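Worksheet for the structure shown next.
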Amino acid sequence: MMTLDALKLYGANTAEGMGRCLNNESFYLKMVAMALADKNFDRLKEAVDAGDTHAAFAAAHSLKGSIGNVALTPVYEPICALTELLRGKDAPVAGAETLAEQIMAAREKALSL
């Protein structure tokens, strides 16, 4: 079961995330679970694998908001990097696959808490 302490050890900025959730721990943990279950993770992976830069950007940008709101720093930082890497690009970009892998690995680690 995911806990506030486990999220802190993972590297999440729980003080920031809790602040956005009115310092309600159960609400925050529910929001974290919802953010990690976001279908945009699947869309991101599929789009990067297919070389669809526009769809990958859209998925990454959406995740940037949901993951940022709950302050899951280990997932958020590579999402931000990928979003900026893909911004305004029309063709596949070197490094996108590596960042997508980092995002998925960070997500999996968070899901295992």
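The chains in the structure tokens are called A, B, ... from first to last as shown; in each chain the residues are counted from 1, and the ligands are counted from 1 in the order shown.
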Got a sec: who's within 12 Å of A:Asp52, counting only C-alpha atoms, leaving out chain neighbours fewer than 2 positions off, as a tab-separated table (two decimals) with N, CA and C atoms, in the first residue's frame?
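The result, stored in around.tsv:
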```tsv
chain	number	residue	atom	x	y	z
A	43	ARG	N	-0.50	6.11	-24.05
A	43	ARG	CA	-0.49	6.90	-25.29
A	43	ARG	C	0.91	7.43	-25.59
A	44	LEU	N	1.61	7.85	-24.55
A	44	LEU	CA	2.96	8.37	-24.73
A	44	LEU	C	3.88	7.29	-25.28
A	45	LYS	N	3.86	6.13	-24.66
A	45	LYS	CA	4.71	5.03	-25.10
A	45	LYS	C	4.41	4.64	-26.55
A	46	GLU	N	3.13	4.50	-26.86
A	46	GLU	CA	2.73	4.12	-28.22
A	46	GLU	C	3.16	5.18	-29.24
A	47	ALA	N	2.99	6.44	-28.90
A	47	ALA	CA	3.33	7.52	-29.82
A	47	ALA	C	4.84	7.61	-30.04
A	48	VAL	N	5.60	7.49	-28.98
A	48	VAL	CA	7.07	7.53	-29.13
A	48	VAL	C	7.53	6.34	-29.96
A	49	ASP	N	7.00	5.16	-29.67
A	49	ASP	CA	7.38	3.96	-30.43
A	49	ASP	C	7.04	4.11	-31.92
A	50	ALA	N	5.92	4.80	-32.21
A	50	ALA	CA	5.48	4.98	-33.59
A	50	ALA	C	6.14	6.19	-34.27
A	54	HIS	N	3.70	14.55	-32.55
A	54	HIS	CA	2.58	15.37	-32.08
A	54	HIS	C	1.78	14.66	-30.99
A	55	ALA	N	1.49	13.38	-31.20
A	55	ALA	CA	0.75	12.62	-30.19
A	55	ALA	C	1.58	12.42	-28.93
A	56	ALA	N	2.87	12.21	-29.09
A	56	ALA	CA	3.76	12.06	-27.92
A	56	ALA	C	3.81	13.35	-27.13
A	57	PHE	N	3.91	14.48	-27.82
A	57	PHE	CA	3.91	15.77	-27.13
A	57	PHE	C	2.61	15.97	-26.36
A	58	ALA	N	1.47	15.68	-27.00
A	58	ALA	CA	0.17	15.86	-26.34
A	58	ALA	C	0.06	15.01	-25.08
A	59	ALA	N	0.50	13.77	-25.16
A	59	ALA	CA	0.43	12.88	-23.99
A	59	ALA	C	1.38	13.37	-22.90
A	86	LEU	N	10.10	17.70	-27.39
A	86	LEU	CA	9.15	17.48	-28.48
A	86	LEU	C	8.42	18.75	-28.92
A	89	LYS	N	8.09	20.13	-32.66
A	89	LYS	CA	8.78	19.24	-33.60
A	89	LYS	C	7.76	18.48	-34.46
A	90	ASP	N	8.14	18.24	-35.71
A	90	ASP	CA	7.28	17.52	-36.64
A	90	ASP	C	7.78	16.12	-36.95
A	91	ALA	N	9.01	15.83	-36.58
A	91	ALA	CA	9.60	14.53	-36.89
A	91	ALA	C	10.14	13.91	-35.60
A	92	PRO	N	10.34	12.60	-35.59
A	92	PRO	CA	10.92	11.96	-34.40
A	92	PRO	C	12.21	12.65	-33.98
A	93	VAL	N	12.41	12.71	-32.66
A	93	VAL	CA	13.53	13.44	-32.08
A	93	VAL	C	14.44	12.47	-31.33
A	96	ALA	N	14.08	10.97	-27.45
A	96	ALA	CA	12.70	10.82	-26.98
A	96	ALA	C	12.45	9.42	-26.41
A	97	GLU	N	12.98	8.40	-27.06
A	97	GLU	CA	12.77	7.04	-26.58
A	97	GLU	C	13.42	6.83	-25.21
```
>> Please determine, counting only C-alpha atoms, which residue among A:Met2, A:Ile79, A:Met18, A:Leu29 has the shortest atom-to-atom distance to A:His61.
In response: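 Using only C-alpha atoms, A:His61 sits closest to A:Ile79.
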>> Show me, as a ChimeraX atom specification, the residues that have an atom within 12 Å of A:Thr14 when counting only C-alpha atoms, minus same-chain residues fewer than 4 positions from it.
In response: /A:3-10,18-25,28-29,31-32,68-73
>> Here is a test: counting only C-alpha atoms, which residue of A:Ala35, A:Ala106, A:Ala94, A:Leu113 is nearest to A:Glu77?
In response: A:Ala106
> If you measure from atom CA of A:Gly51 to atom CA of A:Leu111, what distance in Å do you get, rounded to one decimal?
Replying inline: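 Atom-to-atom, atom CA of A:Gly51 to atom CA of A:Leu111, that is 26.5 Å.
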> Where does DSSP see alpha helix (DSSP H) in stretch 32-112 of chain A, if you list the residues as a ChimeraX atom specification?
Replying inline: /A:32-36,40-50,53-69,73-86,96-111
> In Å to one decimal, how far is atom CA of A:Asn40 from atom CA of A:Glu108?
Replying inline: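 Between atom CA of A:Glu108 and atom CA of A:Asn40 the gap is 14.3 Å.
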>> Quick check, in Å to one decimal: how far apart do atom CA of A:Ala15 and atom CA of A:Pro74 lie?
In response: 15.0 Å
